[in-house]
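Engineer: The structure follows.
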Amino acid sequence: MAKKATTVSDTPSAHPASPEAETTTTTSQFPFKTVFSFAPLIEYVNSNIGGQRSNLSSLVAELNERLSATPRLQEPIEDLSLLDQHRESVDWLMSMVFPPAFWDRDCSTAVLPSKFAPLYATPAFRQTFLEGEYRGSLAKEFNSDWAMRNRAIAAYVNIARSFFNLTIDFTGYLFVVALPSPDTGLLRYYRLNFDIRFIRFVPTRPLPQLTEQQRQQILCNLTDLDVWQSVIPPDLFQIEGFVLLNAVDVSDHELVGALERELVQSSTIVAAEGFQRLQQIIRAYLRRKELVIGLVAMDGDTLMVLNYGAELPQTQANACVLNQSYRVSCNQLAGSTIERALLSGQPQVIEDVLQLPTPRSAGDETLMTKGFRSAYFAPLHYNGALIGGLNIYSPNPGDLTELNTLKLTELLPLFSMVVHRSLVDMENQVQSVIRQQYTAVHPSVEWKFRQAAKGFITRQGTVAENQIEPIVFHDVYPLFSVSDIRGSSDHRNQAIQHDLIEQLSLAWGVIDAGCKVRQLPILDHLLFRIHDNIARIESGLHSGDEAGVLDFLRHEVESLFGHIGDFGPAVAQRIDDYNAALDPEIHAVYRKRKEFEESVTAINRVIAAFVESEEERAQGMFPHYFEKHQTDGVDFGVYVGQSLVNDRQFNDLYLRNLRLWQLLVMCGAARLADEVKSTLTIPLDTTHLVLVQTTPLSISYRLDEKQFDVDGAYNIRYAIMKKRIDKAEVKGTKERLTQPGKLAIVYSQPREAQEYRQYLEFLAASRMIEPGIEELDLEDLQGVHGLKALRVNVVLQPAADEVQVPEAIERAIREFSEAN
């Protein structure tokens with residue numbers, strides 16, 4: 001039997017329904033007088049049901065009949081005890097808003113805009129927010145200054161639109177509240193949807209005409225409540241009716257998103273604070289407040305504990321960061337549940353250690369000695385190989401079961417990625433320490449989804465229904481290309497070496513001139529140190545050398561110039577020569593580095609401008625998202641698919657068209673880079689690569705953070721692969737896949753190679769590449785295995801009768817499309 005929806009007298013106290021809601025105080029008050037009324041609901045029913053749906057005329061007739069018997073319900077109701085006097089009619093009216101069939105499912109209530117004092121609520125809402133563990137929590141959020149201010153601004157926007165003919169682009173606020181459980185302290189997330197169909201704004205006196213200055217004042221200060229109140233005093237209006245508030249539990253979605261964002265950060269699993277955040281997310285996800293999580297990685301015949309959620313001795317916690325993590329021999333786990341998980345490749349659950357068959361293994365007995373009664377062990381795999389495990393423990397029997405841990409299955413690939421990445425990072429621990437600010441290989445990218453966002457913003461007819469939510473694009477196809485400067489790190493190091501040696505030599509000349517005037521042993525010592533620095537830099541540049549040499553020159557050599565400059569004109573001239581050679585902005589010799597950076601910038605500028613120009617043409621072929629990055633080279637990515645457009649029909653033809661376009665653009669980039677090479681101060685070679693990914697992905701965009709959100713573990717793998725692939729080598733050789741004058745196409749599946757061979761044959765016929773295709777196997781990279789490649793020679797010098805690159809691309813795509 002369905003539970004009854006709650007009216008005022010059904011709640012634990014007569015009025016308000018929630019005592020906490022009434023007593024919650026805020027520093028600001030809702031500026032408008034609000035009065036409960038059924039009139040807007042009655043008007044809505046008559047206009048939307050009575051006027052449009054004749055088959056429901058009997059419902060409208062019954063409504064009018066009941067209202068005739070209770071005319072007081074048609075008027076504003078300030079004394080809410082009137083609702084109890086006409087309970088049957090009130091219940092009948094509210095059944096239009098709260099259909100009984102959904103009472104146990106919908107978490108909804110009717111409230112006034114001014115405060116959280118539920119007037120009518122479904123059983124689900126009452127049990128959760130009025131009687132349950134979150135009793136009073138929602139009231140505090142609803143009555144907070146921020147929420148009160150936003151509701152007041154929303155009311156003003158409606159008034160300005162309806163009564164003062166102001167055009168304001170406003171769709172309401174995304175209101176997601178995180179409510180901590182009083183019992184467990186764990187967060188649950190609820191999205192609050194506000195439906196204002198059943199309120200109306202009633203002028204209390206004749207309305208003034210706004211001057212143009214006042215209208216502009218409002219439009220320029222839409223979020224300034226003081227400006228609103230000064231131009232349109234709140235006592236000009238009374239709000240009658242009620243707001244329908246619906247609370248939707250979005251905890252799992254928010255927690256998975258939070259987990260993904262944490263795992264993208266490389267420091268999360270080694271930093272104490274980051275790992276504690278990770279543990280809290282898992283606790284909230286499984287709704288168990290005392291869970292302890294641990295991550296382990298396989299290292300030969302031992303398990304390396306990357307981190308552990310309980311309090312570890314400080315020496316062990318520090319050792320994790322220094323790649324000397326706490327280790328457990330696999331021999332110690334013989335016969336244990338964790339060993340079964342590792343060997344079987346399937347998660348294992350211990351609901352209660354005491355219920356395990358005796359004698360228990362030493363590994364399982366260890367759980368008891370540490371105070372744990374239930375546990376969960378999940379092996380983590382990467383590309384089919386066992387790389388570690390996720391362990392979860394609880395001191396309470398039954399906290400972890402076969403049923404509730406099923407939710408963890410979708411998270412395991414994320415943990416696999418982060419464990420794998422941790423192993424890669426720790427292999428480069430020395431470099432990480434030197435750099436100190438090592439960041440994860442997953443940068444945030446800002447996008448503007450104007451066309452898609454417009455559909456979401458204008459989808460509903462009222463402000464309350466236009467809730468802005470994160471945008472998710474499913475089944476999109478990625479295309480990735482990179483034009484890289486070959487040996488850029490070596491070129492940069494050579495430039496730094498040259499500049500440092502030049503500056504040290506100039507410093508040597510100053511001090512040597514001083515020695516010739518005055519024989520001071522300390523100057524001889526300084527000459528020795530300068531010469532020693534020159535010899536060290538000539539032998540090779542190491543991390544920290546640049547900063548060390550410049551620090552030495554500035555603090556121990558240049559600091560003497562003011563004094564030894566008085567030794568004589570020869571010394572003063574040497575000092576002038578030294579200062580003249582310094583770059584005025586960085587106060588160091590910067591000649592070779594500047595030439596290198598200018599050469600890199602010139603190549604990047606030419607390629608980037610070309611790619612951006614061709615991108616405009618490609619948008620005309622089929623709309624898609626595009627991103628470009630510049631470092632020592634240019635890489636760009638494209639996402640295309642049906643979910644990205646709402647006014648076009650996506651077809652594989654457009655995908656194949658963009659893939660061909662991508663190859664043509666890379667050929668054009670190779671030509672332009674070769675052409676500009678002769679004009680550079682430092683002639684730099686470029687290499688060009690295309691990464692093939694035929695499996696569609698899902699990408700999401702968080703409107704509040706204005707950045708992409710990783711939507712699934714495979715996206716992380718794809719991002720890692722993009723960063724690693726330019727280091728690929730041909731299998732069985734030391735030859736780099738990417739070579740100047742060549743275009744490399746990396747793929748994983750035979751059908752991908754088959755498709756791209758067709759494109760390459762067409763490019764050869766179009767004289768963009770030379771005939772002949774190399775088919776190569778690639779060495780495994782860190783986290784990337786089983787890749788293959790096609791490689792071709794680009795025709796860098798087009799024939800005299802050949803058209804320019806952009807026109808050639810346009811013509812080639814047109815001919816290919818017609819042929820296919």
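In the structure tokens, each chain is lettered A, B, ... as it comes, each chain's residues begin at 1, and ligands are numbered from 1 in order of appearance.
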What are the DSSP alpha helix (DSSP H) residues of segment 517-663 of chain A, as a VMD selection string?
Structural biologist: chain A and resid 517 521 to 539 545 to 552 561 to 564 569 to 581 591 to 621 652 to 663
Engineer: Please list as a list in words every residue within 9 Å of Arg105 of chain A, counting only C-alpha atoms and excluding residues in the same chain fewer than 5 positions away.
Structural biologist: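 Near Arg105 of chain A, the qualifying residues are Thr122, Pro123 and Ala124 of chain A.
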Engineer: What does the file look like for those residues with all heavy atoms, as a compact mmCIF listing (two decimals), in the first residue's frame?
Structural biologist:
# COMPACT_ATOMS: atom_id res chain seq x y z
N THR A 122 6.47 14.33 -0.29
CA THR A 122 6.32 12.90 -0.55
C THR A 122 6.94 12.11 0.60
O THR A 122 7.82 12.62 1.31
CB THR A 122 7.01 12.51 -1.87
OG1 THR A 122 8.41 12.74 -1.74
CG2 THR A 122 6.46 13.31 -3.04
N PRO A 123 6.52 10.87 0.79
CA PRO A 123 7.14 10.06 1.85
C PRO A 123 8.65 9.94 1.68
O PRO A 123 9.39 9.94 2.67
CB PRO A 123 6.43 8.70 1.70
CG PRO A 123 5.13 9.03 1.08
CD PRO A 123 5.37 10.18 0.16
N ALA A 124 9.12 9.84 0.43
CA ALA A 124 10.57 9.72 0.20
C ALA A 124 11.30 10.95 0.70
O ALA A 124 12.36 10.87 1.32
CB ALA A 124 10.85 9.49 -1.29
Engineer: Rank nothing, just name the residue among A:Val296, A:Asn46, A:Asn331, A:Glu141 nearest to Ala61 of chain A, using only C-alpha atoms.
Structural biologist: A:Asn46
Engineer: What gap, in Å, lies between atom CA of Val97 of chain A and atom CA of Ala247 of chain A?
Structural biologist: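 Atom CA of Ala247 of chain A lies 14.9 Å from atom CA of Val97 of chain A.
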Engineer: Run DSSP on the backbone and tell me which residues of segment 564-742 of chain A come out as strand (DSSP E or B); list them as a PyMOL selection string.
Structural biologist: chain A and resi 583+588+625-631+633-640+686-691+697-702+707-710+729-730+736+742
Engineer: With only C-alpha atoms as the atoms that count, which of A:Leu796, A:Val638, A:Met621, A:Leu660 lies nearest to Lys677 of chain A?
Structural biologist: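 Once distances to Lys677 of chain A are computed over only C-alpha atoms, the minimum belongs to A:Leu796.
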Engineer: Quick one: pull the distance between atom CA of Gly741 of chain A and atom CA of Glu755 of chain A, Å, one decimal.
Structural biologist: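 A separation of 22.6 Å between them.
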Engineer: Within 7 Å of Gly514 of chain A, counting only C-alpha atoms, which residues qualify if same-chain residues fewer than 4 places away don't, as a list of chain:residue names?
Structural biologist: A:Val510, A:Arg518, A:Ile564, A:Phe567, A:Val571
Engineer: Using only C-alpha atoms, determine which residues lie at most 12 Å from Glu502 of chain A, disregarding the query and same-chain residues fewer than 6 positions distant; provide the list as a PyMOL selection string.
Structural biologist: chain A and resi 495-496+508-509+530-531+533-534+537-538+549+577-578+581-582+588-593
Engineer: Atom CA of Phe98 of chain A and atom CA of Leu255 of chain A are how many Å apart?
Structural biologist: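 Distance reported for this atom pair: 29.6 Å.
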Engineer: Could you check the closest approach to Asp364 of chain A for each of A:Tyr308, A:Tyr120, A:Tyr393, A:Phe129 and tell me which residue wins, using only C-alpha atoms?
Structural biologist: A:Tyr393
Engineer: Ranking A:Glu254, A:Glu774, A:Glu615, A:Glu131 by minimum distance to Tyr190 of chain A and counting only C-alpha atoms, which one comes first?
Structural biologist: A:Glu254
Engineer: For Gly294 of chain A, which of A:Thr686, A:Ile392, A:Ile350, A:Arg757 is the closest residue, counting only C-alpha atoms?
Structural biologist: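 Looking only at the distances to Gly294 of chain A, the closest residue turns out to be A:Ile392.
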Engineer: Taking into account only C-alpha atoms, which residue in the set A:Tyr156, A:Tyr382, A:Phe32, A:Phe473 is nearest to Asp235 of chain A?
Structural biologist: A:Phe32
Engineer: Give me, as number ranges by chain, all polymer residues having an atom no more than 9 Å from Ile682 of chain A, counting only C-alpha atoms and skipping those fewer than 3 positions away in the same chain.
Structural biologist: A: 491, 595-596, 598-600, 677-679
Engineer: With a distance cut-off of 7 Å and only C-alpha atoms, select the neighbouring residues of Phe480 of chain A, excluding the residue or stretch itself and same-chain residues fewer than 6 positions from it, and output the selection as a list in words.
Structural biologist: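 Neighbouring residues, sequence-local ones excluded: Phe636, Gly637, Val638, Val690 and Leu691 of chain A.
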Engineer: Pull N, CA and C atoms from the residues just selected and write them as a PDB file, in the first residue's frame.
Structural biologist:
ATOM      1  N   PHE A 636      47.725  18.515 -32.732  1.00  0.00           N
ATOM      2  CA  PHE A 636      46.318  18.899 -32.744  1.00  0.00           C
ATOM      3  C   PHE A 636      45.442  17.655 -32.723  1.00  0.00           C
ATOM      4  N   GLY A 637      44.274  17.822 -32.119  1.00  0.00           N
ATOM      5  CA  GLY A 637      43.326  16.725 -32.000  1.00  0.00           C
ATOM      6  C   GLY A 637      41.949  17.151 -32.463  1.00  0.00           C
ATOM      7  N   VAL A 638      41.198  16.200 -32.964  1.00  0.00           N
ATOM      8  CA  VAL A 638      39.841  16.426 -33.445  1.00  0.00           C
ATOM      9  C   VAL A 638      38.931  15.389 -32.811  1.00  0.00           C
ATOM     10  N   VAL A 690      50.812  10.471 -37.130  1.00  0.00           N
ATOM     11  CA  VAL A 690      49.358  10.381 -36.953  1.00  0.00           C
ATOM     12  C   VAL A 690      49.071   9.157 -36.097  1.00  0.00           C
ATOM     13  N   LEU A 691      48.252   9.345 -35.051  1.00  0.00           N
ATOM     14  CA  LEU A 691      47.839   8.235 -34.193  1.00  0.00           C
ATOM     15  C   LEU A 691      46.415   7.836 -34.552  1.00  0.00           C
TER      16      LEU A 691
END
Engineer: Determine, counting only C-alpha atoms, which protein, DNA and RNA residues have an atom within 12 Å of an atom of Glu752 of chain A; residues of the same chain fewer than 3 positions away are not included. Present the result as a list in words.
Structural biologist: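 The contact residues come out as Arg656, Arg659, Leu691, Val692, Gln693, Thr694, Thr695, Ile745, Val746, Tyr747, Ser748, Gln749, Glu755, Tyr756, Arg757, Gln758, Tyr759, Leu787, Lys788, Ala789 and Leu790 of chain A.
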